[in-house]
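Asks: Here you go, this is target_27.pdb (PDB, C-alpha atoms and all ligand atoms).
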```pdb
ATOM      1  CA  MET F   1       0.000   0.000   0.000  1.00  0.00           C
ATOM      2  CA  SER F   2       1.345   3.465  -0.849  1.00  0.00           C
ATOM      3  CA  SER F   3       1.447   5.793   2.128  1.00  0.00           C
ATOM      4  CA  PRO F   4       0.358   9.421   1.743  1.00  0.00           C
ATOM      5  CA  LEU F   5       3.916  10.464   2.530  1.00  0.00           C
ATOM      6  CA  GLN F   6       5.177   8.512  -0.444  1.00  0.00           C
ATOM      7  CA  SER F   7       2.684   9.946  -2.859  1.00  0.00           C
ATOM      8  CA  ARG F   8       2.117  13.535  -1.821  1.00  0.00           C
ATOM      9  CA  PHE F   9       4.418  14.860   0.813  1.00  0.00           C
ATOM     10  CA  ALA F  10       7.783  13.134   0.579  1.00  0.00           C
ATOM     11  CA  PRO F  11       8.958  15.220  -2.427  1.00  0.00           C
ATOM     12  CA  ARG F  12       8.535  18.404  -0.411  1.00  0.00           C
ATOM     13  CA  VAL F  13      11.309  17.131   1.851  1.00  0.00           C
ATOM     14  CA  ALA F  14      13.307  15.280  -0.773  1.00  0.00           C
ATOM     15  CA  ASP F  15      13.849  18.425  -2.838  1.00  0.00           C
ATOM     16  CA  ALA F  16      15.637  20.250  -0.048  1.00  0.00           C
ATOM     17  CA  SER F  17      18.922  18.393   0.305  1.00  0.00           C
ATOM     18  CA  CYS F  18      21.491  19.865   2.640  1.00  0.00           C
ATOM     19  CA  ALA F  19      23.874  16.908   2.603  1.00  0.00           C
ATOM     20  CA  LYS F  20      27.442  17.476   1.554  1.00  0.00           C
ATOM     21  CA  PRO F  21      28.284  16.591  -2.056  1.00  0.00           C
ATOM     22  CA  GLY F  22      29.394  13.014  -2.343  1.00  0.00           C
ATOM     23  CA  GLU F  23      27.892  12.024   1.003  1.00  0.00           C
ATOM     24  CA  ASP F  24      24.347  11.546  -0.139  1.00  0.00           C
ATOM     25  CA  ASP F  25      23.393   8.567  -2.292  1.00  0.00           C
ATOM     26  CA  ARG F  26      19.619   8.870  -2.015  1.00  0.00           C
ATOM     27  CA  SER F  27      19.173   7.463  -5.494  1.00  0.00           C
ATOM     28  CA  THR F  28      16.145   5.365  -4.671  1.00  0.00           C
ATOM     29  CA  PRO F  29      14.833   3.683  -1.580  1.00  0.00           C
ATOM     30  CA  ASP F  30      13.408   0.795  -3.616  1.00  0.00           C
ATOM     31  CA  GLY F  31      14.732  -2.514  -2.446  1.00  0.00           C
ATOM     32  CA  GLN F  32      16.358  -1.039   0.634  1.00  0.00           C
ATOM     33  CA  ASP F  33      15.699  -2.522   3.998  1.00  0.00           C
ATOM     34  CA  VAL F  34      14.112  -0.346   6.692  1.00  0.00           C
ATOM     35  CA  ASP F  35      16.261  -1.849   9.434  1.00  0.00           C
ATOM     36  CA  ALA F  36      19.433  -1.116   7.476  1.00  0.00           C
ATOM     37  CA  VAL F  37      18.428   2.477   6.797  1.00  0.00           C
ATOM     38  CA  VAL F  38      17.428   3.028  10.430  1.00  0.00           C
ATOM     39  CA  ALA F  39      20.788   1.601  11.483  1.00  0.00           C
ATOM     40  CA  ALA F  40      22.533   3.953   9.052  1.00  0.00           C
ATOM     41  CA  ALA F  41      20.576   6.887  10.472  1.00  0.00           C
ATOM     42  CA  ARG F  42      21.568   5.898  14.001  1.00  0.00           C
ATOM     43  CA  ALA F  43      25.202   5.963  12.912  1.00  0.00           C
ATOM     44  CA  CYS F  44      24.929   9.426  11.317  1.00  0.00           C
ATOM     45  CA  ARG F  45      27.516  11.967  12.443  1.00  0.00           C
ATOM     46  CA  LEU F  46      26.980  14.557   9.714  1.00  0.00           C
ATOM     47  CA  CYS F  47      26.600  17.599  11.925  1.00  0.00           C
ATOM     48  CA  ALA F  48      28.537  16.471  14.984  1.00  0.00           C
ATOM     49  CA  ASP F  49      30.225  19.846  15.260  1.00  0.00           C
ATOM     50  CA  GLN F  50      26.843  21.602  15.651  1.00  0.00           C
ATOM     51  CA  LEU F  51      25.395  19.406  18.376  1.00  0.00           C
ATOM     52  CA  PRO F  52      26.153  20.397  21.975  1.00  0.00           C
ATOM     53  CA  LEU F  53      25.732  16.851  23.317  1.00  0.00           C
ATOM     54  CA  GLY F  54      27.070  15.171  20.204  1.00  0.00           C
ATOM     55  CA  PRO F  55      25.205  13.016  17.709  1.00  0.00           C
ATOM     56  CA  ARG F  56      22.699  10.515  19.031  1.00  0.00           C
ATOM     57  CA  PRO F  57      19.958   9.949  16.466  1.00  0.00           C
ATOM     58  CA  VAL F  58      16.780   8.819  18.225  1.00  0.00           C
ATOM     59  CA  LEU F  59      14.176   7.091  16.091  1.00  0.00           C
ATOM     60  CA  GLN F  60      12.284   3.860  15.613  1.00  0.00           C
ATOM     61  CA  ALA F  61      10.676   2.353  12.526  1.00  0.00           C
ATOM     62  CA  SER F  62      10.037  -0.957  10.847  1.00  0.00           C
ATOM     63  CA  ALA F  63       8.598  -2.173   7.582  1.00  0.00           C
ATOM     64  CA  THR F  64       5.336  -3.036   9.361  1.00  0.00           C
ATOM     65  CA  SER F  65       4.812   0.273  11.190  1.00  0.00           C
ATOM     66  CA  ARG F  66       1.266   1.536  10.702  1.00  0.00           C
ATOM     67  CA  LEU F  67       1.355   4.746  12.683  1.00  0.00           C
ATOM     68  CA  LEU F  68       4.047   7.342  11.983  1.00  0.00           C
ATOM     69  CA  ILE F  69       4.810  10.100  14.471  1.00  0.00           C
ATOM     70  CA  ILE F  70       6.880  13.033  13.263  1.00  0.00           C
ATOM     71  CA  GLY F  71       7.770  15.461  16.018  1.00  0.00           C
ATOM     72  CA  GLN F  72      10.527  18.040  16.239  1.00  0.00           C
ATOM     73  CA  ALA F  73      13.693  16.585  17.837  1.00  0.00           C
ATOM     74  CA  PRO F  74      14.626  14.616  20.948  1.00  0.00           C
ATOM     75  CA  GLY F  75      15.053  16.491  24.220  1.00  0.00           C
ATOM     76  CA  THR F  76      17.813  15.887  26.736  1.00  0.00           C
ATOM     77  CA  LYS F  77      16.048  12.922  28.371  1.00  0.00           C
ATOM     78  CA  ALA F  78      15.480  11.195  25.065  1.00  0.00           C
ATOM     79  CA  HIS F  79      19.084  11.928  24.142  1.00  0.00           C
ATOM     80  CA  ALA F  80      20.251  10.287  27.375  1.00  0.00           C
ATOM     81  CA  SER F  81      18.044   7.200  27.124  1.00  0.00           C
ATOM     82  CA  GLY F  82      17.873   6.793  23.352  1.00  0.00           C
ATOM     83  CA  LEU F  83      14.087   6.443  23.639  1.00  0.00           C
ATOM     84  CA  PRO F  84      11.994   8.908  21.612  1.00  0.00           C
ATOM     85  CA  TRP F  85       9.486  11.007  23.570  1.00  0.00           C
ATOM     86  CA  ASP F  86      11.014   9.843  26.857  1.00  0.00           C
ATOM     87  CA  ASP F  87       9.751  12.790  28.906  1.00  0.00           C
ATOM     88  CA  GLN F  88       6.611  14.554  30.135  1.00  0.00           C
ATOM     89  CA  SER F  89       5.774  15.668  26.601  1.00  0.00           C
ATOM     90  CA  GLY F  90       5.896  12.055  25.504  1.00  0.00           C
ATOM     91  CA  GLN F  91       3.628  10.991  28.342  1.00  0.00           C
ATOM     92  CA  ARG F  92       1.140  13.644  27.316  1.00  0.00           C
ATOM     93  CA  LEU F  93       1.339  12.532  23.691  1.00  0.00           C
ATOM     94  CA  ARG F  94       0.725   8.904  24.714  1.00  0.00           C
ATOM     95  CA  ASP F  95      -2.291  10.053  26.739  1.00  0.00           C
ATOM     96  CA  TRP F  96      -3.593  11.992  23.751  1.00  0.00           C
ATOM     97  CA  ILE F  97      -3.365   9.053  21.393  1.00  0.00           C
ATOM     98  CA  GLY F  98      -4.369   6.429  23.960  1.00  0.00           C
ATOM     99  CA  LEU F  99      -1.276   4.222  23.728  1.00  0.00           C
ATOM    100  CA  SER F 100       0.571   2.539  26.566  1.00  0.00           C
ATOM    101  CA  GLU F 101       4.368   2.712  26.600  1.00  0.00           C
ATOM    102  CA  ALA F 102       4.475  -0.899  25.420  1.00  0.00           C
ATOM    103  CA  ARG F 103       2.427  -0.125  22.318  1.00  0.00           C
ATOM    104  CA  PHE F 104       4.065   3.240  21.684  1.00  0.00           C
ATOM    105  CA  TYR F 105       7.571   1.783  21.746  1.00  0.00           C
ATOM    106  CA  ASP F 106       6.777  -1.140  19.468  1.00  0.00           C
ATOM    107  CA  PRO F 107       8.360  -0.274  16.094  1.00  0.00           C
ATOM    108  CA  ALA F 108       6.421  -3.097  14.484  1.00  0.00           C
ATOM    109  CA  ALA F 109       3.387  -0.864  14.980  1.00  0.00           C
ATOM    110  CA  VAL F 110       4.658   2.681  15.529  1.00  0.00           C
ATOM    111  CA  ALA F 111       7.377   4.548  13.642  1.00  0.00           C
ATOM    112  CA  ILE F 112       8.844   7.653  15.242  1.00  0.00           C
ATOM    113  CA  VAL F 113      10.964   9.761  12.894  1.00  0.00           C
ATOM    114  CA  PRO F 114      11.333  13.366  14.062  1.00  0.00           C
ATOM    115  CA  ALA F 115      12.178  16.421  11.981  1.00  0.00           C
ATOM    116  CA  GLY F 116      15.618  16.315  13.575  1.00  0.00           C
ATOM    117  CA  LEU F 117      16.969  13.005  14.804  1.00  0.00           C
ATOM    118  CA  CYS F 118      19.454  14.454  17.324  1.00  0.00           C
ATOM    119  CA  TYR F 119      19.077  16.774  20.291  1.00  0.00           C
ATOM    120  CA  PRO F 120      19.772  20.248  18.841  1.00  0.00           C
ATOM    121  CA  GLY F 121      20.681  22.104  22.046  1.00  0.00           C
ATOM    122  CA  SER F 122      18.713  24.743  23.870  1.00  0.00           C
ATOM    123  CA  VAL F 123      18.124  28.431  23.443  1.00  0.00           C
ATOM    124  CA  ARG F 124      19.089  30.909  26.135  1.00  0.00           C
ATOM    125  CA  GLY F 125      16.094  31.416  28.392  1.00  0.00           C
ATOM    126  CA  GLY F 126      14.636  27.945  27.905  1.00  0.00           C
ATOM    127  CA  GLY F 127      13.302  25.726  25.197  1.00  0.00           C
ATOM    128  CA  ASP F 128      15.171  23.671  22.647  1.00  0.00           C
ATOM    129  CA  ASN F 129      16.674  24.861  19.396  1.00  0.00           C
ATOM    130  CA  PRO F 130      14.783  24.011  16.209  1.00  0.00           C
ATOM    131  CA  PRO F 131      15.665  20.675  14.610  1.00  0.00           C
ATOM    132  CA  VAL F 132      18.935  20.704  12.661  1.00  0.00           C
ATOM    133  CA  PRO F 133      17.839  21.917   9.188  1.00  0.00           C
ATOM    134  CA  ALA F 134      19.991  19.382   7.302  1.00  0.00           C
ATOM    135  CA  CYS F 135      18.503  16.377   9.053  1.00  0.00           C
ATOM    136  CA  ALA F 136      15.028  15.913   7.593  1.00  0.00           C
ATOM    137  CA  PRO F 137      16.173  16.499   3.981  1.00  0.00           C
ATOM    138  CA  LEU F 138      18.859  13.883   4.487  1.00  0.00           C
ATOM    139  CA  TRP F 139      16.945  11.145   6.303  1.00  0.00           C
ATOM    140  CA  HIS F 140      13.240  11.513   5.615  1.00  0.00           C
ATOM    141  CA  PRO F 141      13.518  10.692   1.900  1.00  0.00           C
ATOM    142  CA  ARG F 142      15.524   7.600   2.793  1.00  0.00           C
ATOM    143  CA  ILE F 143      13.253   6.348   5.558  1.00  0.00           C
ATOM    144  CA  LEU F 144       9.685   7.480   4.965  1.00  0.00           C
ATOM    145  CA  PRO F 145       9.153   5.934   1.504  1.00  0.00           C
ATOM    146  CA  LEU F 146      10.109   2.566   3.003  1.00  0.00           C
ATOM    147  CA  LEU F 147       7.259   2.761   5.517  1.00  0.00           C
ATOM    148  CA  ARG F 148       4.737   1.363   3.105  1.00  0.00           C
ATOM    149  CA  ASN F 149       2.260   0.197   5.728  1.00  0.00           C
ATOM    150  CA  VAL F 150       1.775   3.547   7.410  1.00  0.00           C
ATOM    151  CA  ARG F 151      -1.906   4.416   7.532  1.00  0.00           C
ATOM    152  CA  LEU F 152      -1.819   7.525   9.678  1.00  0.00           C
ATOM    153  CA  THR F 153       0.871  10.164  10.238  1.00  0.00           C
ATOM    154  CA  LEU F 154       0.820  12.549  13.175  1.00  0.00           C
ATOM    155  CA  LEU F 155       2.616  15.855  12.619  1.00  0.00           C
ATOM    156  CA  VAL F 156       3.381  16.951  16.148  1.00  0.00           C
ATOM    157  CA  GLY F 157       4.312  20.610  16.433  1.00  0.00           C
ATOM    158  CA  LEU F 158       5.085  23.348  13.950  1.00  0.00           C
ATOM    159  CA  HIS F 159       8.466  22.027  12.817  1.00  0.00           C
ATOM    160  CA  ALA F 160       6.917  18.797  11.584  1.00  0.00           C
ATOM    161  CA  GLN F 161       3.976  20.599  10.028  1.00  0.00           C
ATOM    162  CA  LYS F 162       6.256  22.971   8.121  1.00  0.00           C
ATOM    163  CA  LEU F 163       7.883  19.978   6.449  1.00  0.00           C
ATOM    164  CA  PHE F 164       4.673  18.407   5.189  1.00  0.00           C
ATOM    165  CA  LEU F 165       1.875  20.971   5.103  1.00  0.00           C
ATOM    166  CA  SER F 166       1.788  24.038   2.929  1.00  0.00           C
ATOM    167  CA  GLY F 167       0.435  27.441   3.939  1.00  0.00           C
ATOM    168  CA  SER F 168       0.994  29.540   7.016  1.00  0.00           C
ATOM    169  CA  MET F 169      -2.187  28.886   8.950  1.00  0.00           C
ATOM    170  CA  PRO F 170      -1.829  29.477  12.702  1.00  0.00           C
ATOM    171  CA  LEU F 171      -1.527  26.266  14.666  1.00  0.00           C
ATOM    172  CA  THR F 172      -4.895  26.546  16.409  1.00  0.00           C
ATOM    173  CA  GLU F 173      -6.789  26.919  13.145  1.00  0.00           C
ATOM    174  CA  ARG F 174      -4.716  24.242  11.490  1.00  0.00           C
ATOM    175  CA  VAL F 175      -5.459  21.700  14.215  1.00  0.00           C
ATOM    176  CA  ARG F 176      -9.104  22.661  14.381  1.00  0.00           C
ATOM    177  CA  LEU F 177      -9.843  22.875  10.662  1.00  0.00           C
ATOM    178  CA  HIS F 178      -7.716  20.051   9.290  1.00  0.00           C
ATOM    179  CA  PRO F 179      -9.980  17.304   7.886  1.00  0.00           C
ATOM    180  CA  ALA F 180     -10.548  14.706  10.592  1.00  0.00           C
ATOM    181  CA  ASP F 181     -10.236  11.863   8.068  1.00  0.00           C
ATOM    182  CA  SER F 182      -6.918  13.081   6.612  1.00  0.00           C
ATOM    183  CA  PRO F 183      -4.018  10.590   6.573  1.00  0.00           C
ATOM    184  CA  LEU F 184      -1.858  13.358   8.078  1.00  0.00           C
ATOM    185  CA  LEU F 185      -3.063  14.949  11.286  1.00  0.00           C
ATOM    186  CA  PRO F 186      -1.429  18.083  12.730  1.00  0.00           C
ATOM    187  CA  LEU F 187      -1.196  18.329  16.515  1.00  0.00           C
ATOM    188  CA  PRO F 188       0.251  20.921  18.879  1.00  0.00           C
ATOM    189  CA  HIS F 189       3.508  20.010  20.555  1.00  0.00           C
ATOM    190  CA  PRO F 190       2.575  18.383  23.875  1.00  0.00           C
ATOM    191  CA  SER F 191       5.043  20.350  26.015  1.00  0.00           C
ATOM    192  CA  TRP F 192       3.961  22.043  29.264  1.00  0.00           C
ATOM    193  CA  ARG F 193       3.043  25.107  27.213  1.00  0.00           C
ATOM    194  CA  VAL F 194       0.125  23.234  25.677  1.00  0.00           C
ATOM    195  CA  VAL F 195      -1.720  23.105  29.014  1.00  0.00           C
ATOM    196  CA  GLY F 196      -2.745  26.760  28.755  1.00  0.00           C
ATOM    197  CA  TRP F 197      -3.541  26.341  25.061  1.00  0.00           C
ATOM    198  CA  MET F 198      -5.833  23.411  25.866  1.00  0.00           C
ATOM    199  CA  ARG F 199      -7.655  25.505  28.482  1.00  0.00           C
ATOM    200  CA  LYS F 200      -8.327  28.157  25.860  1.00  0.00           C
ATOM    201  CA  ASN F 201      -9.352  25.572  23.280  1.00  0.00           C
ATOM    202  CA  PRO F 202     -11.578  23.046  25.067  1.00  0.00           C
ATOM    203  CA  TRP F 203     -12.731  21.592  21.725  1.00  0.00           C
ATOM    204  CA  PHE F 204      -9.324  19.908  21.449  1.00  0.00           C
ATOM    205  CA  GLU F 205      -9.918  17.661  24.453  1.00  0.00           C
ATOM    206  CA  ALA F 206     -13.646  17.286  23.930  1.00  0.00           C
ATOM    207  CA  GLU F 207     -13.699  16.630  20.185  1.00  0.00           C
ATOM    208  CA  THR F 208     -10.242  16.241  18.648  1.00  0.00           C
ATOM    209  CA  LEU F 209      -8.721  13.785  21.119  1.00  0.00           C
ATOM    210  CA  PRO F 210     -11.553  11.203  20.993  1.00  0.00           C
ATOM    211  CA  GLN F 211     -11.379  11.319  17.178  1.00  0.00           C
ATOM    212  CA  LEU F 212      -7.598  11.059  17.316  1.00  0.00           C
ATOM    213  CA  ARG F 213      -7.695   7.964  19.558  1.00  0.00           C
ATOM    214  CA  ALA F 214     -10.200   6.339  17.247  1.00  0.00           C
ATOM    215  CA  ARG F 215      -8.007   7.096  14.207  1.00  0.00           C
ATOM    216  CA  VAL F 216      -4.928   5.674  15.937  1.00  0.00           C
ATOM    217  CA  GLU F 217      -6.762   2.478  16.898  1.00  0.00           C
ATOM    218  CA  GLN F 218      -8.081   2.183  13.368  1.00  0.00           C
ATOM    219  CA  ALA F 219      -4.570   2.615  11.947  1.00  0.00           C
ATOM    220  CA  LEU F 220      -3.073   0.033  14.272  1.00  0.00           C
ATOM    221  CA  GLY F 221      -5.919  -2.432  14.048  1.00  0.00           C
ATOM    222  CA  GLY F 222      -6.315  -5.439  11.790  1.00  0.00           C
TER     223      GLY F 222
HETATM  224  S1  LIG V 301      20.945  15.757  13.459  1.00  0.00           S
HETATM  225 FE1  LIG V 301      20.481  14.381  11.747  1.00  0.00          FE
HETATM  226  S2  LIG V 301      22.006  14.908  10.149  1.00  0.00           S
HETATM  227 FE2  LIG V 301      22.790  15.690  12.120  1.00  0.00          FE
HETATM  228  S3  LIG V 301      24.080  14.047  12.986  1.00  0.00           S
HETATM  229 FE3  LIG V 301      21.992  13.792  13.827  1.00  0.00          FE
HETATM  230  S4  LIG V 301      21.037  12.327  12.411  1.00  0.00           S
HETATM  231 FE4  LIG V 301      22.825  13.171  11.330  1.00  0.00          FE
END
```
Represent the structure from my file as structure tokens, please.
Ligand code: SF4

Replies:
Amino acid sequence: MSSPLQSRFAPRVADASCAKPGEDDRSTPDGQDVDAVVAAARACRLCADQLPLGPRPVLQASATSRLLIIGQAPGTKAHASGLPWDDQSGQRLRDWIGLSEARFYDPAAVAIVPAGLCYPGSVRGGGDNPPVPACAPLWHPRILPLLRNVRLTLLVGLHAQKLFLSGSMPLTERVRLHPADSPLLPLPHPSWRVVGWMRKNPWFEAETLPQLRARVEQALGG
């Protein structure tokens, strides 16, 4: 089955290569093995000199993954453990989508490929830097087309949405107005800042989250 990322959105990323000449052989993903490409991504050291804690790509994916989660980049806890979404934001995301840790961390069912695979450092005054710009153009075109069983993709936060959705709609409108049956669903980033946003936008908890849980179960089911 062709995933929506293969057919509609992958080229948007694939066109924007930032890899150094001679280092990028993204000729075609056909025939490549997901496990081998994920292993290659985990060994990536392309921008080691830009990363304050050094390279540690954090991702999971398999050929059978049915749900794809694209967030921004690992935080310090995920960098330390090597587990994606290994923090309070991840717990909130799991609550939103109704998955236990066991189901969330099962790459046979769930692929997690952020916009930046490594922790990008923090900005003065709090918060993390944006994902490393070179990362998604280098790795998404190699990994995402191999995820042929993905039925639903969650775009968590603005950095992920910028990669795959056109237009400059504010996040609240984008989350609220995006078609509920779309194969790509935009979500706010589930950091502590979202608590106030959810108070101001009660429709998200009352309407969006029940629909989201149903879509995730549908994607992972049978
Ligand atoms: S951020 Fe991406 S491109 Fe840079 S070292 Fe990590 S995996 Fe490689």

Asks: Specify as an mmCIF file with C-alpha atoms, keeping the file's coordinate frame each residue included when the PyMOL selection byres (((chain F and resi 95-106) around 7) and not hetatm) is applied to this file.

Replies:
```
data_model
loop_
_atom_site.group_PDB
_atom_site.id
_atom_site.type_symbol
_atom_site.label_atom_id
_atom_site.label_comp_id
_atom_site.auth_asym_id
_atom_site.auth_seq_id
_atom_site.Cartn_x
_atom_site.Cartn_y
_atom_site.Cartn_z
ATOM 1 C CA GLN F 91 3.628 10.991 28.342
ATOM 2 C CA ARG F 92 1.140 13.644 27.316
ATOM 3 C CA LEU F 93 1.339 12.532 23.691
ATOM 4 C CA ARG F 94 0.725 8.904 24.714
ATOM 5 C CA PRO F 107 8.360 -0.274 16.094
ATOM 6 C CA ALA F 108 6.421 -3.097 14.484
ATOM 7 C CA ALA F 109 3.387 -0.864 14.980
ATOM 8 C CA VAL F 110 4.658 2.681 15.529
ATOM 9 C CA LEU F 209 -8.721 13.785 21.119
ATOM 10 C CA LEU F 212 -7.598 11.059 17.316
ATOM 11 C CA ARG F 213 -7.695 7.964 19.558
ATOM 12 C CA VAL F 216 -4.928 5.674 15.937
#
```

Asks: Given the file shown, determine the residues that the PyMOL selection byres (((chain F and resi 146) around 7) and not hetatm) selects; report them as a list of chain:residue names.

Replies: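 Applying the PyMOL selection byres (((chain F and resi 146) around 7) and not hetatm) to the structure shown produces F:Pro29, F:Val34, F:Ala63, F:Ile143, F:Leu144, F:Pro145, F:Leu147, F:Arg148.
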
Asks: Between F:Thr153, F:Asn129, F:Ser168, F:Thr64, single out the one closest to ligand LIG 301 (chain V), counting all atoms listed in the file.

Replies: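 Of the candidates, the smallest distance to ligand LIG 301 (chain V) is held by F:Asn129.
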
Asks: May I ask you to write as a list in words all residues lying at most 7 Å from ligand LIG 301 (chain V), with all atoms listed in the file counted?

Replies: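 So, counting all atoms listed in the file, the residues near ligand LIG 301 (chain V) are Ala41, Arg42, Cys44, Arg45, Leu46, Cys47, Ala48, Pro55, Arg56, Pro57, Gly116, Leu117, Cys118, Val132, Ala134, Cys135 and Leu138 of chain F.
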
Asks: Taking into account all atoms listed in the file, which residue in the set F:Leu155, F:Ala136, F:Leu220, F:Ala78 is nearest to Arg66 (chain F)?

Replies: F:Leu220

Asks: Counting all atoms listed in the file, which of F:Pro137, F:Val150, F:Asp35, F:Ala111 gets nearest to Pro183 (chain F)?

Replies: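 Closest candidate: F:Val150.
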
Asks: Could you tell me how far CA of Pro120 (chain F) sits from CA of Pro188 (chain F), in Å to one decimal place?

Replies: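 A separation of 19.5 Å between them.
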
Asks: To test your reading of the syntax: which residues would the PyMOL selection byres (((chain F and resi 122) around 12) and not hetatm) return for the file shown? Reply as a list of chain:residue names.

Replies: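 Evaluating the PyMOL selection byres (((chain F and resi 122) around 12) and not hetatm) on these coordinates yields F:Gln50, F:Leu51, F:Pro52, F:Leu53, F:Ala73, F:Pro74, F:Gly75, F:Thr76, F:Tyr119, F:Pro120, F:Gly121, F:Val123, F:Arg124, F:Gly125, F:Gly126, F:Gly127, F:Asp128, F:Asn129, F:Pro130, F:Pro131, F:Val132.
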
Asks: Output C-alpha atoms of each residue in that selection to a file, as a PDB file, keeping the file's coordinate frame.

Replies:
```
ATOM      1  CA  GLN F  50      26.843  21.602  15.651  1.00  0.00           C
ATOM      2  CA  LEU F  51      25.395  19.406  18.376  1.00  0.00           C
ATOM      3  CA  PRO F  52      26.153  20.397  21.975  1.00  0.00           C
ATOM      4  CA  LEU F  53      25.732  16.851  23.317  1.00  0.00           C
ATOM      5  CA  ALA F  73      13.693  16.585  17.837  1.00  0.00           C
ATOM      6  CA  PRO F  74      14.626  14.616  20.948  1.00  0.00           C
ATOM      7  CA  GLY F  75      15.053  16.491  24.220  1.00  0.00           C
ATOM      8  CA  THR F  76      17.813  15.887  26.736  1.00  0.00           C
ATOM      9  CA  TYR F 119      19.077  16.774  20.291  1.00  0.00           C
ATOM     10  CA  PRO F 120      19.772  20.248  18.841  1.00  0.00           C
ATOM     11  CA  GLY F 121      20.681  22.104  22.046  1.00  0.00           C
ATOM     12  CA  VAL F 123      18.124  28.431  23.443  1.00  0.00           C
ATOM     13  CA  ARG F 124      19.089  30.909  26.135  1.00  0.00           C
ATOM     14  CA  GLY F 125      16.094  31.416  28.392  1.00  0.00           C
ATOM     15  CA  GLY F 126      14.636  27.945  27.905  1.00  0.00           C
ATOM     16  CA  GLY F 127      13.302  25.726  25.197  1.00  0.00           C
ATOM     17  CA  ASP F 128      15.171  23.671  22.647  1.00  0.00           C
ATOM     18  CA  ASN F 129      16.674  24.861  19.396  1.00  0.00           C
ATOM     19  CA  PRO F 130      14.783  24.011  16.209  1.00  0.00           C
ATOM     20  CA  PRO F 131      15.665  20.675  14.610  1.00  0.00           C
ATOM     21  CA  VAL F 132      18.935  20.704  12.661  1.00  0.00           C
TER      22      VAL F 132
END
```

Asks: So how far away is CA of Leu67 (chain F) from CA of Arg151 (chain F), in Å?

Replies: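 CA of Leu67 (chain F) lies 6.1 Å from CA of Arg151 (chain F).
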
Asks: Suppose you want the space between CA of Met198 (chain F) and CA of Val113 (chain F); what is it in Å?

Replies: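 Distance between the two atoms: 25.2 Å.
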
Asks: Closest to Gln72 (chain F) among F:Val58, F:Asp33, F:Pro133, F:Gly157, using all atoms listed in the file?

Replies: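 Among the listed residues, the smallest separation from Gln72 (chain F) belongs to F:Gly157.
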
Asks: Have a look at F:Asp87, F:His159, F:Phe164, F:Leu68 and name the one nearest to Trp192 (chain F); count all atoms listed in the file.

Replies: F:Asp87

Asks: Which residue is closest to Pro179 (chain F)? Choose from F:Ala80, F:Ser62, F:Thr208, F:Val194 and count all atoms listed in the file.

Replies: F:Thr208
